[in-house]
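Participant: Sharing start_32.pdb below, PDB, C-alpha atoms, pLDDT in the B column:
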```pdb
MODEL        1
ATOM      1  CA  MET A   1     -26.987   2.911  12.573  1.00 82.00           C
ATOM      2  CA  PRO A   2     -27.746  -0.150  10.481  1.00 85.00           C
ATOM      3  CA  GLY A   3     -30.871  -1.349  12.247  1.00 86.00           C
ATOM      4  CA  PRO A   4     -31.616  -5.044  12.636  1.00 85.00           C
ATOM      5  CA  ASP A   5     -31.491  -6.088   8.962  1.00 93.00           C
ATOM      6  CA  TYR A   6     -27.897  -6.072   7.710  1.00 95.00           C
ATOM      7  CA  ALA A   7     -28.996  -7.941   4.552  1.00 95.00           C
ATOM      8  CA  GLU A   8     -31.272  -5.038   3.618  1.00 96.00           C
ATOM      9  CA  VAL A   9     -28.464  -2.549   4.208  1.00 96.00           C
ATOM     10  CA  GLY A  10     -26.142  -4.610   1.996  1.00 96.00           C
ATOM     11  CA  HIS A  11     -28.806  -4.813  -0.701  1.00 96.00           C
ATOM     12  CA  ARG A  12     -29.330  -1.037  -0.674  1.00 96.00           C
ATOM     13  CA  LEU A  13     -25.596  -0.376  -0.782  1.00 97.00           C
ATOM     14  CA  ARG A  14     -25.191  -2.660  -3.816  1.00 97.00           C
ATOM     15  CA  GLU A  15     -28.274  -1.112  -5.408  1.00 97.00           C
ATOM     16  CA  GLY A  16     -26.586   2.262  -4.932  1.00 97.00           C
ATOM     17  CA  GLY A  17     -23.612   1.048  -6.949  1.00 97.00           C
ATOM     18  CA  LEU A  18     -21.160   0.166  -4.212  1.00 97.00           C
ATOM     19  CA  PRO A  19     -18.928  -2.833  -4.947  1.00 97.00           C
ATOM     20  CA  ASP A  20     -19.382  -6.164  -3.169  1.00 97.00           C
ATOM     21  CA  ASP A  21     -15.828  -6.116  -1.822  1.00 95.00           C
ATOM     22  CA  LEU A  22     -16.132  -2.668  -0.195  1.00 95.00           C
ATOM     23  CA  PRO A  23     -15.131  -3.018   3.479  1.00 94.00           C
ATOM     24  CA  CYS A  24     -17.630  -2.509   6.288  1.00 94.00           C
ATOM     25  CA  VAL A  25     -17.217  -2.576  10.022  1.00 91.00           C
ATOM     26  CA  ILE A  26     -20.030  -2.860  12.537  1.00 93.00           C
ATOM     27  CA  VAL A  27     -19.292  -1.544  16.034  1.00 91.00           C
ATOM     28  CA  SER A  28     -21.671  -2.466  18.820  1.00 93.00           C
ATOM     29  CA  LYS A  29     -21.691  -0.584  22.125  1.00 93.00           C
ATOM     30  CA  ALA A  30     -18.745   1.594  21.080  1.00 88.00           C
ATOM     31  CA  THR A  31     -16.411   2.537  23.942  1.00 86.00           C
ATOM     32  CA  ALA A  32     -18.573   0.694  26.500  1.00 88.00           C
ATOM     33  CA  ASP A  33     -18.145  -2.582  28.301  1.00 88.00           C
ATOM     34  CA  GLY A  34     -19.139  -5.299  25.884  1.00 89.00           C
ATOM     35  CA  GLN A  35     -17.954  -3.438  22.782  1.00 89.00           C
ATOM     36  CA  GLN A  36     -17.902  -5.735  19.753  1.00 91.00           C
ATOM     37  CA  ILE A  37     -16.378  -5.117  16.329  1.00 88.00           C
ATOM     38  CA  ARG A  38     -17.256  -7.124  13.232  1.00 90.00           C
ATOM     39  CA  TRP A  39     -15.181  -6.679  10.046  1.00 90.00           C
ATOM     40  CA  THR A  40     -16.991  -7.622   6.829  1.00 93.00           C
ATOM     41  CA  SER A  41     -17.825  -6.401   3.325  1.00 95.00           C
ATOM     42  CA  VAL A  42     -20.924  -5.186   1.512  1.00 96.00           C
ATOM     43  CA  ALA A  43     -21.466  -8.650  -0.010  1.00 96.00           C
ATOM     44  CA  ARG A  44     -21.128 -10.443   3.334  1.00 96.00           C
ATOM     45  CA  LEU A  45     -23.472  -8.189   5.328  1.00 95.00           C
ATOM     46  CA  ALA A  46     -26.377 -10.596   4.725  1.00 94.00           C
ATOM     47  CA  ASP A  47     -24.419 -13.356   6.494  1.00 95.00           C
ATOM     48  CA  GLU A  48     -23.562 -11.336   9.592  1.00 94.00           C
ATOM     49  CA  GLU A  49     -25.307 -12.043  12.863  1.00 92.00           C
ATOM     50  CA  GLN A  50     -26.928  -8.967  14.379  1.00 93.00           C
ATOM     51  CA  LEU A  51     -24.886  -7.302  17.120  1.00 94.00           C
ATOM     52  CA  PRO A  52     -26.489  -5.682  20.177  1.00 93.00           C
ATOM     53  CA  ALA A  53     -27.726  -2.107  19.841  1.00 93.00           C
ATOM     54  CA  PRO A  54     -26.581   0.549  19.751  1.00 95.00           C
ATOM     55  CA  ALA A  55     -24.463  -0.300  16.751  1.00 94.00           C
ATOM     56  CA  LEU A  56     -22.757   1.793  14.097  1.00 93.00           C
ATOM     57  CA  MET A  57     -21.851   0.681  10.592  1.00 95.00           C
ATOM     58  CA  ILE A  58     -18.925   2.265   8.796  1.00 93.00           C
ATOM     59  CA  VAL A  59     -18.694   1.608   5.066  1.00 95.00           C
ATOM     60  CA  GLY A  60     -15.743   2.331   2.793  1.00 92.00           C
ATOM     61  CA  ARG A  61     -11.983   2.171   2.734  1.00 87.00           C
ATOM     62  CA  VAL A  62     -11.758   3.638   6.216  1.00 83.00           C
ATOM     63  CA  ALA A  63     -13.416   0.417   7.451  1.00 84.00           C
ATOM     64  CA  SER A  64     -10.627  -1.813   6.172  1.00 83.00           C
ATOM     65  CA  ARG A  65      -8.398  -3.867   8.439  1.00 79.00           C
ATOM     66  CA  LYS A  66      -5.367  -2.083   6.948  1.00 77.00           C
ATOM     67  CA  VAL A  67      -6.615   1.230   8.380  1.00 72.00           C
ATOM     68  CA  GLN A  68      -6.998  -0.483  11.769  1.00 72.00           C
ATOM     69  CA  GLU A  69      -3.407  -1.759  11.600  1.00 77.00           C
ATOM     70  CA  ILE A  70      -2.121   1.740  10.759  1.00 72.00           C
ATOM     71  CA  SER A  71      -4.147   3.229  13.610  1.00 69.00           C
ATOM     72  CA  ASN A  72      -2.849   0.666  16.103  1.00 70.00           C
ATOM     73  CA  ALA A  73       0.741   1.355  15.036  1.00 77.00           C
ATOM     74  CA  PHE A  74       0.217   5.119  15.394  1.00 71.00           C
ATOM     75  CA  TRP A  75      -1.215   4.872  18.905  1.00 63.00           C
ATOM     76  CA  ARG A  76       1.534   2.500  20.053  1.00 70.00           C
ATOM     77  CA  GLU A  77       4.166   4.973  18.866  1.00 63.00           C
ATOM     78  CA  ALA A  78       2.478   8.212  20.023  1.00 54.00           C
ATOM     79  CA  PRO A  79       4.285  10.139  22.768  1.00 56.00           C
ATOM     80  CA  ASP A  80       2.665  10.084  26.188  1.00 55.00           C
ATOM     81  CA  ASP A  81       1.931  13.793  26.472  1.00 52.00           C
ATOM     82  CA  GLY A  82      -1.305  13.395  28.439  1.00 50.00           C
ATOM     83  CA  LEU A  83      -3.305  14.983  25.603  1.00 47.00           C
ATOM     84  CA  LEU A  84      -4.343  11.852  23.748  1.00 47.00           C
ATOM     85  CA  SER A  85      -6.316   8.856  24.879  1.00 45.00           C
ATOM     86  CA  ARG A  86      -4.917   5.488  23.885  1.00 44.00           C
ATOM     87  CA  ASN A  87      -7.865   3.220  24.507  1.00 45.00           C
ATOM     88  CA  ILE A  88      -7.336   0.793  21.622  1.00 44.00           C
ATOM     89  CA  VAL A  89      -9.905  -1.923  21.099  1.00 47.00           C
ATOM     90  CA  SER A  90      -9.754  -4.381  18.247  1.00 44.00           C
TER
ENDMDL
END
```
Written as structure tokens, how would this file's structure read?
Facilitator:
Amino acid sequence: MPGPDYAEVGHRLREGGLPDDLPCVIVSKATADGQQIRWTSVARLADEEQLPAPALMIVGRVASRKVQEISNAFWREAPDDGLLSRNIVS
């Protein structure tokens, strides 16, 4: 959970050696009504408006839009066997 100061999180990530262009995604109220998703990067965290808590921040390649596109394609093509949930939110 990133807390209220995304700029501080970005600063600490850069201080830790992570590159400015590393993808980040902030997910507010995951799986609930009012879920919000913000795609950004380490360098742009300071410019992001705070999302409502609870919020999660995912940092790294898994937070890239390309991964989201692959995931969406997978869930659209998955067989309807009743075992998997297909609640896709973007």
Participant: Near Leu45 (chain A), within 9 Å and counting only C-alpha atoms, which residues show up once chain neighbours fewer than 6 positions away are dropped, as a list of chain:residue names?
Facilitator: A:Tyr6, A:Ala7, A:Glu8, A:Val9, A:Gly10, A:His11, A:Cys24
Participant: Evaluating the PyMOL selection byres ((chain A and resi 42) around 9) on the displayed file yields which residues, as a list in words?
Facilitator: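 Taken over the shown coordinates, the PyMOL selection byres ((chain A and resi 42) around 9) returns Val9, Gly10, His11, Leu13, Arg14, Leu18, Pro19, Asp20, Asp21, Leu22, Pro23, Cys24, Thr40, Ser41, Ala43, Arg44, Leu45, Ala46 and Val59 of chain A.
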Participant: For CA of Gln50 (chain A) and CA of Ser28 (chain A), quote the distance in Å rounded to one decimal.
Facilitator: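 CA of Ser28 (chain A) lies 9.5 Å from CA of Gln50 (chain A).
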Participant: Please enumerate the residues selected by the PyMOL selection byres ((chain A and resi 25) around 6) when evaluated against the supplied file, formatted as an NGL selection string.
Facilitator: :A and (24 or 26 or 38-40 or 57-58 or 63)
Participant: Translate the PyMOL selection byres ((chain A and resi 30) around 12), as applied to the file shown, into an explicit residue set as a short mmCIF file (atom, residue, chain, number, x, y, z; two decimals) with C-alpha atoms, in the frame of the given file.
Facilitator:
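Listed below is the output, selection-v6.cif:
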```
data_model
loop_
_atom_site.label_atom_id
_atom_site.label_comp_id
_atom_site.auth_asym_id
_atom_site.auth_seq_id
_atom_site.Cartn_x
_atom_site.Cartn_y
_atom_site.Cartn_z
CA MET A 1 -26.99 2.91 12.57
CA VAL A 25 -17.22 -2.58 10.02
CA ILE A 26 -20.03 -2.86 12.54
CA VAL A 27 -19.29 -1.54 16.03
CA SER A 28 -21.67 -2.47 18.82
CA LYS A 29 -21.69 -0.58 22.12
CA THR A 31 -16.41 2.54 23.94
CA ALA A 32 -18.57 0.69 26.50
CA ASP A 33 -18.14 -2.58 28.30
CA GLY A 34 -19.14 -5.30 25.88
CA GLN A 35 -17.95 -3.44 22.78
CA GLN A 36 -17.90 -5.74 19.75
CA ILE A 37 -16.38 -5.12 16.33
CA ARG A 38 -17.26 -7.12 13.23
CA LEU A 51 -24.89 -7.30 17.12
CA PRO A 52 -26.49 -5.68 20.18
CA ALA A 53 -27.73 -2.11 19.84
CA PRO A 54 -26.58 0.55 19.75
CA ALA A 55 -24.46 -0.30 16.75
CA LEU A 56 -22.76 1.79 14.10
CA MET A 57 -21.85 0.68 10.59
CA ASN A 87 -7.86 3.22 24.51
CA ILE A 88 -7.34 0.79 21.62
CA VAL A 89 -9.90 -1.92 21.10
CA SER A 90 -9.75 -4.38 18.25
#
```
Participant: To box region 34-47 of chain A, take all atoms listed in the file, fit an axis-aligned box, add 5 Å on each side, and give centre and edge lengths in Å to one decimal, as lines of an AutoDock Vina configuration file.
Facilitator:
```
center_x = -20.8
center_y = -8.4
center_z = 12.9
size_x = 21.2
size_y = 19.9
size_z = 35.9
```
Participant: Calculate how many Å separate CA of Val67 (chain A) from CA of Glu48 (chain A), rounding to one decimal.
Facilitator: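 Answer for the CA of Val67 (chain A) to CA of Glu48 (chain A) separation: 21.1 Å.
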Participant: Interatomic distance between CA of Glu15 (chain A) and CA of Gly60 (chain A)?
Facilitator: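 Rounded to one decimal, the two atoms are 15.4 Å apart.
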